[in-house]
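> TSV, C-alpha atoms, saved as target20.tsv, coming up:
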chain	number	residue	atom	x	y	z
A	1	GLY	CA	-21.52	26.40	5.66
A	2	ASN	CA	-21.05	22.71	6.30
A	3	SER	CA	-20.89	21.54	9.90
A	4	VAL	CA	-20.93	18.40	12.05
A	5	THR	CA	-22.39	18.17	15.53
A	6	GLN	CA	-21.64	15.30	17.89
A	7	MET	CA	-23.01	14.50	21.29
A	8	GLU	CA	-20.82	15.75	24.09
A	9	GLY	CA	-18.86	13.32	26.14
A	10	PRO	CA	-17.58	11.63	27.97
A	11	VAL	CA	-19.92	8.72	27.49
A	12	THR	CA	-19.41	6.10	30.18
A	13	LEU	CA	-20.83	2.60	29.78
A	14	SER	CA	-20.38	-0.82	31.29
A	15	GLU	CA	-18.95	-3.66	29.24
A	16	GLU	CA	-21.52	-5.36	26.97
A	17	ALA	CA	-23.82	-2.31	26.98
A	18	PHE	CA	-25.38	-0.93	23.80
A	19	LEU	CA	-23.67	2.13	22.39
A	20	THR	CA	-25.06	5.05	20.44
A	21	ILE	CA	-23.03	8.17	19.66
A	22	ASN	CA	-25.12	10.77	17.88
A	23	CYS	CA	-23.87	12.73	14.89
A	24	THR	CA	-25.85	15.19	12.81
A	25	TYR	CA	-24.64	17.28	9.94
A	26	THR	CA	-25.43	20.32	7.83
A	27	ALA	CA	-24.31	20.23	4.24
A	28	THR	CA	-25.38	21.14	0.77
A	29	GLY	CA	-25.50	18.40	-1.82
A	30	TYR	CA	-24.58	14.82	-1.04
A	31	PRO	CA	-21.61	14.56	1.30
A	32	SER	CA	-19.69	11.44	2.26
A	33	LEU	CA	-19.78	10.68	5.99
A	34	PHE	CA	-17.12	9.12	8.18
A	35	TRP	CA	-16.39	7.89	11.66
A	36	TYR	CA	-12.78	8.01	12.80
A	37	VAL	CA	-11.52	6.57	16.09
A	38	GLN	CA	-8.54	7.66	18.18
A	39	TYR	CA	-7.28	5.12	20.70
A	40	PRO	CA	-5.21	6.43	23.63
A	41	GLY	CA	-1.77	7.57	22.53
A	42	GLU	CA	-2.49	7.02	18.84
A	43	GLY	CA	-3.50	9.01	15.79
A	44	LEU	CA	-6.94	8.78	14.23
A	45	GLN	CA	-7.91	5.88	12.02
A	46	LEU	CA	-10.90	5.42	9.77
A	47	LEU	CA	-13.54	3.25	11.42
A	48	LEU	CA	-16.26	3.29	8.77
A	49	LYS	CA	-17.78	5.44	6.07
A	50	ALA	CA	-20.88	5.88	3.90
A	51	THR	CA	-20.98	7.71	0.61
A	52	LYS	CA	-24.68	7.98	-0.17
A	53	ALA	CA	-28.08	8.08	1.49
A	54	ASP	CA	-29.25	4.83	3.16
A	55	ASP	CA	-25.74	3.34	2.95
A	56	LYS	CA	-24.64	1.52	6.08
A	57	GLY	CA	-20.99	1.54	7.02
A	58	SER	CA	-19.75	-1.19	9.34
A	59	ASN	CA	-16.48	-2.33	10.89
A	60	LYS	CA	-15.36	-4.09	14.10
A	61	GLY	CA	-18.99	-4.50	15.22
A	62	PHE	CA	-19.75	-0.78	14.78
A	63	GLU	CA	-22.41	0.42	12.36
A	64	ALA	CA	-23.72	3.76	11.12
A	65	THR	CA	-26.44	4.48	8.58
A	66	TYR	CA	-26.47	7.58	6.38
A	67	ARG	CA	-29.91	9.14	6.97
A	68	LYS	CA	-30.51	12.04	4.64
A	69	GLU	CA	-34.01	12.75	5.92
A	70	THR	CA	-32.72	13.37	9.44
A	71	THR	CA	-29.21	14.48	8.36
A	72	SER	CA	-27.72	11.99	10.79
A	73	PHE	CA	-24.98	9.36	10.92
A	74	HIS	CA	-25.24	7.87	14.40
A	75	LEU	CA	-22.64	5.32	15.49
A	76	GLU	CA	-23.91	2.14	17.15
A	77	LYS	CA	-22.50	-1.04	18.61
A	78	GLY	CA	-24.50	-3.81	20.18
A	79	SER	CA	-22.05	-4.85	22.91
A	80	VAL	CA	-19.08	-2.68	23.79
A	81	GLN	CA	-15.78	-3.88	25.20
A	82	VAL	CA	-13.18	-2.17	27.36
A	83	SER	CA	-10.94	-2.05	24.28
A	84	ASP	CA	-13.49	0.25	22.58
A	85	SER	CA	-12.54	3.06	24.96
A	86	ALA	CA	-11.39	5.85	22.67
A	87	VAL	CA	-12.37	9.20	21.18
A	88	TYR	CA	-14.75	8.97	18.23
A	89	PHE	CA	-14.95	11.66	15.55
A	90	CYS	CA	-17.70	12.14	13.01
A	91	ALA	CA	-16.70	13.92	9.80
A	92	LEU	CA	-18.04	14.82	6.38
A	93	SER	CA	-16.59	15.50	2.97
A	94	ASP	CA	-18.62	17.36	0.40
A	95	GLY	CA	-16.13	16.51	-2.34
A	96	SER	CA	-15.69	20.11	-3.40
A	97	ASN	CA	-12.25	20.53	-1.87
A	98	TYR	CA	-9.68	18.78	0.18
A	99	GLN	CA	-11.25	19.49	3.54
A	100	LEU	CA	-12.98	17.17	5.91
A	101	ILE	CA	-15.36	18.89	8.31
A	102	TRP	CA	-14.93	17.43	11.79
A	103	GLY	CA	-17.14	17.07	14.81
A	104	ALA	CA	-15.68	17.91	18.22
A	105	GLY	CA	-15.16	14.27	19.15
A	106	THR	CA	-16.85	12.10	21.78
A	107	LYS	CA	-14.81	10.35	24.43
A	108	LEU	CA	-16.07	6.85	25.22
A	109	ILE	CA	-15.14	5.15	28.47
A	110	ILE	CA	-16.03	1.48	28.96
A	111	LYS	CA	-15.83	0.09	32.48
A	112	PRO	CA	-15.33	-3.62	33.12
B	1	ASP	CA	1.96	-1.55	7.08
B	2	VAL	CA	1.47	1.98	5.84
B	3	LYS	CA	2.93	4.59	8.09
B	4	VAL	CA	2.84	8.27	8.95
B	5	THR	CA	5.62	9.09	11.38
B	6	GLN	CA	5.87	12.25	13.43
B	7	SER	CA	9.30	13.04	14.75
B	8	SER	CA	8.45	13.67	18.39
B	9	ARG	CA	5.70	12.42	20.68
B	10	TYR	CA	6.24	15.14	23.29
B	11	LEU	CA	7.95	18.48	22.89
B	12	VAL	CA	8.49	21.31	25.37
B	13	LYS	CA	9.56	24.71	24.06
B	14	ARG	CA	9.85	28.24	25.36
B	15	THR	CA	7.89	31.27	24.20
B	16	GLY	CA	9.54	32.89	21.20
B	17	GLU	CA	11.44	29.79	20.05
B	18	LYS	CA	11.24	28.60	16.46
B	19	VAL	CA	9.75	25.11	16.45
B	20	PHE	CA	9.89	22.47	13.73
B	21	LEU	CA	7.49	19.55	13.64
B	22	GLU	CA	8.36	16.88	11.12
B	23	CYS	CA	6.13	14.34	9.43
B	24	VAL	CA	7.12	11.55	7.05
B	25	GLN	CA	4.85	9.16	5.14
B	26	ASP	CA	5.86	6.03	3.27
B	27	MET	CA	2.80	5.64	1.06
B	28	ASP	CA	3.76	7.94	-1.83
B	29	HIS	CA	0.69	10.07	-1.09
B	30	GLU	CA	0.32	13.41	-2.83
B	31	ASN	CA	-1.76	15.09	-0.13
B	32	MET	CA	-0.50	15.89	3.34
B	33	PHE	CA	-2.14	17.81	6.19
B	34	TRP	CA	-1.33	19.42	9.50
B	35	TYR	CA	-4.10	19.63	12.10
B	36	ARG	CA	-4.21	20.76	15.67
B	37	GLN	CA	-6.43	18.97	18.13
B	38	ASP	CA	-7.81	20.73	21.18
B	39	PRO	CA	-10.40	19.35	23.62
B	40	GLY	CA	-13.94	20.25	22.59
B	41	LEU	CA	-12.82	21.74	19.28
B	42	GLY	CA	-12.16	18.63	17.25
B	43	LEU	CA	-9.55	18.86	14.53
B	44	ARG	CA	-8.73	22.19	12.92
B	45	LEU	CA	-6.77	22.32	9.70
B	46	ILE	CA	-3.64	24.46	9.78
B	47	TYR	CA	-2.15	23.79	6.34
B	48	PHE	CA	-2.61	21.40	3.48
B	49	SER	CA	-0.15	20.37	0.76
B	50	TYR	CA	-1.51	18.78	-2.40
B	51	ASP	CA	1.90	18.05	-3.88
B	52	VAL	CA	5.59	18.83	-3.54
B	53	LYS	CA	6.21	22.55	-2.99
B	54	MET	CA	2.43	23.17	-3.07
B	55	LYS	CA	0.55	24.40	-0.03
B	56	GLU	CA	-2.73	25.96	0.94
B	57	LYS	CA	-3.83	27.63	4.13
B	58	GLY	CA	-6.39	25.86	6.25
B	59	ASP	CA	-8.68	27.35	8.85
B	60	ILE	CA	-6.05	28.52	11.36
B	61	PRO	CA	-2.73	29.26	9.57
B	62	GLU	CA	-1.76	32.32	11.62
B	63	GLY	CA	1.54	31.84	13.41
B	64	TYR	CA	2.45	28.77	11.34
B	65	SER	CA	4.23	28.01	8.11
B	66	VAL	CA	4.96	24.77	6.27
B	67	SER	CA	7.52	23.24	3.97
B	68	ARG	CA	7.17	20.38	1.48
B	69	GLU	CA	10.44	19.93	-0.39
B	70	LYS	CA	10.06	16.17	-0.85
B	71	LYS	CA	6.93	14.16	-1.42
B	72	GLU	CA	7.29	12.08	1.72
B	73	ARG	CA	8.01	14.91	4.17
B	74	PHE	CA	5.82	17.74	5.39
B	75	SER	CA	7.13	20.10	8.04
B	76	LEU	CA	5.18	22.47	10.26
B	77	ILE	CA	7.04	25.52	11.53
B	78	LEU	CA	6.06	27.73	14.42
B	79	GLU	CA	7.99	30.92	13.66
B	80	SER	CA	7.82	32.25	17.22
B	81	ALA	CA	6.08	29.88	19.59
B	82	SER	CA	3.44	31.26	21.91
B	83	THR	CA	1.61	29.71	24.83
B	84	ASN	CA	-1.66	29.55	22.86
B	85	GLN	CA	0.05	27.15	20.47
B	86	THR	CA	0.25	24.52	23.19
B	87	SER	CA	-1.71	21.69	21.63
B	88	MET	CA	-1.67	18.24	20.06
B	89	TYR	CA	-0.49	18.41	16.44
B	90	LEU	CA	-1.53	15.70	14.03
B	91	CYS	CA	-0.11	15.02	10.60
B	92	ALA	CA	-2.08	13.09	8.00
B	93	SER	CA	-1.68	11.97	4.41
B	94	ARG	CA	-4.05	10.88	1.68
B	95	ASP	CA	-3.93	9.40	-1.79
B	96	SER	CA	-5.31	12.16	-4.03
B	97	TYR	CA	-6.94	9.62	-6.34
B	98	THR	CA	-9.07	7.91	-3.69
B	99	ASN	CA	-9.43	11.29	-2.03
B	100	GLU	CA	-11.16	10.07	1.09
B	101	LYS	CA	-9.29	8.04	3.66
B	102	LEU	CA	-6.80	9.93	5.77
B	103	PHE	CA	-3.84	8.19	7.43
B	104	PHE	CA	-2.70	9.85	10.62
B	105	GLY	CA	0.48	9.96	12.61
B	106	SER	CA	0.30	9.40	16.37
B	107	GLY	CA	0.64	13.10	17.11
B	108	THR	CA	3.04	15.51	18.80
B	109	GLN	CA	1.97	17.02	22.11
B	110	LEU	CA	3.61	20.44	22.14
B	111	SER	CA	3.85	22.49	25.31
B	112	VAL	CA	5.00	26.10	25.05
B	113	LEU	CA	6.07	27.56	28.36
Using structure tokens, write down the structure that the file contains.

Amino acid sequence: GNSVTQMEGPVTLSEEAFLTINCTYTATGYPSLFWYVQYPGEGLQLLLKATKADDKGSNKGFEATYRKETTSFHLEKGSVQVSDSAVYFCALSDGSNYQLIWGAGTKLIIKP
Amino acid sequence: DVKVTQSSRYLVKRTGEKVFLECVQDMDHENMFWYRQDPGLGLRLIYFSYDVKMKEKGDIPEGYSVSREKKERFSLILESASTNQTSMYLCASRDSYTNEKLFFGSGTQLSVL
């Protein structure tokens, strides 16, 4: 079945460091891929998405490229801020039903 | 701003109690979801409703039921709360036509003692 695997956290970085959070997936067909972010005390919100191979999603300085050859959708940001501290979830939708398949989430801690 | 509102941020209940978690959305969305969020497990779908009075079981429906009498409101019911239902509960809604972006409430942290 479909699945999403994320790197385990927490990931702790200093402000202005480069961020990568790894996400790989297993799916049949051509899923859509998503990154959601959950700030402390809040619900999840969509950060970015990509719907086909080689698409790059971007938002708020974050980017992720849909790599079909490596079945990956890694999240990157060139210079993180303290305000980026949150839990990040990778997810996929294969379009066949209502379900999103979720990764376990990666907690990101940015120190000033 | 679009909004998904969950009735309580924190809730403490006793084992065996019947518990109601309420969720209201103001976006006229057809689809609504209840998830539970546990550390290291991500989000697990409890129930999904694709329209008024329509529901489908998700991955972990045991011990839960739902009600969707009006389009804007989706209720999660714990018939007899147990300690293993202590968790963060998240409600979400989605426009069935765009079928992708979920809008989440801020969650209810339920503790069952």
> Return the neighbours of chain B among the residues of chain A, cut-off 7 Å, counting only C-alpha atoms, as a count of residues only.
10
> Pick from A:Val4, A:Leu108, A:Ala50, A:Leu19: nearest to Ala64 of chain A, with all atoms listed in the file counted?
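Among A:Val4, A:Leu108, A:Ala50, A:Leu19, it is A:Ala50 that comes nearest to Ala64 of chain A.
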> Name the residues in contact with Ala17 of chain A at a cut-off of 9 Å, using only C-alpha atoms, excluding same-chain residues fewer than 6 positions from it; report them as a short mmCIF file (atom, residue, chain, number, x, y, z; two decimals) with C-alpha atoms, keeping the file's coordinate frame.

data_model
loop_
_atom_site.label_atom_id
_atom_site.label_comp_id
_atom_site.auth_asym_id
_atom_site.auth_seq_id
_atom_site.Cartn_x
_atom_site.Cartn_y
_atom_site.Cartn_z
CA LYS A 77 -22.50 -1.04 18.61
CA GLY A 78 -24.50 -3.81 20.18
CA SER A 79 -22.05 -4.85 22.91
CA VAL A 80 -19.08 -2.68 23.79
CA GLN A 81 -15.78 -3.88 25.20
CA ILE A 110 -16.03 1.48 28.96
#
> Please provide the set of residues having any atom within 7 Å of segment 13-20 of chain B, restricted to only C-alpha atoms, with same-chain residues fewer than 4 positions apart removed, written as a list of chain:residue names.
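The residues satisfying every condition are B:Ser75, B:Leu76, B:Ile77, B:Leu78, B:Glu79, B:Ser80, B:Ala81, B:Ser82, B:Thr83, B:Ser111, B:Val112, B:Leu113.
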> Would you mind listing what lies within 8 Å of Asp54 of chain A as a PyMOL selection string, with all atoms listed in the file counted and same-chain residues fewer than 2 positions away left out?
chain A and resi 52+56+65-68
> Between A:Ile21, A:Met7, A:Ile109, A:Ala27, single out the one closest to Asp84 of chain A, counting all atoms listed in the file.
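Result for the nearest residue to Asp84 of chain A: A:Ile109.
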> Would you mind listing what lies within 7 Å of Leu75 of chain A as number ranges by chain, with only C-alpha atoms counted and same-chain residues fewer than 2 positions away left out?
A: 20-22, 62-64, 73
> Between B:Arg36, B:Arg68, B:Lys53, B:Arg73, single out the one closest to Ser87 of chain B, counting all atoms listed in the file.
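Of B:Arg36, B:Arg68, B:Lys53, B:Arg73, the one nearest Ser87 of chain B is B:Arg36, counting all atoms listed in the file.
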> In Å, with one decimal, what is the gap from atom CA of Thr5 of chain B to atom CA of Cys23 of chain B?
5.6 Å
> Could you please determine the separation between atom CA of Lys60 of chain A and atom CA of Ala86 of chain A in Å, to one decimal place?
13.7 Å
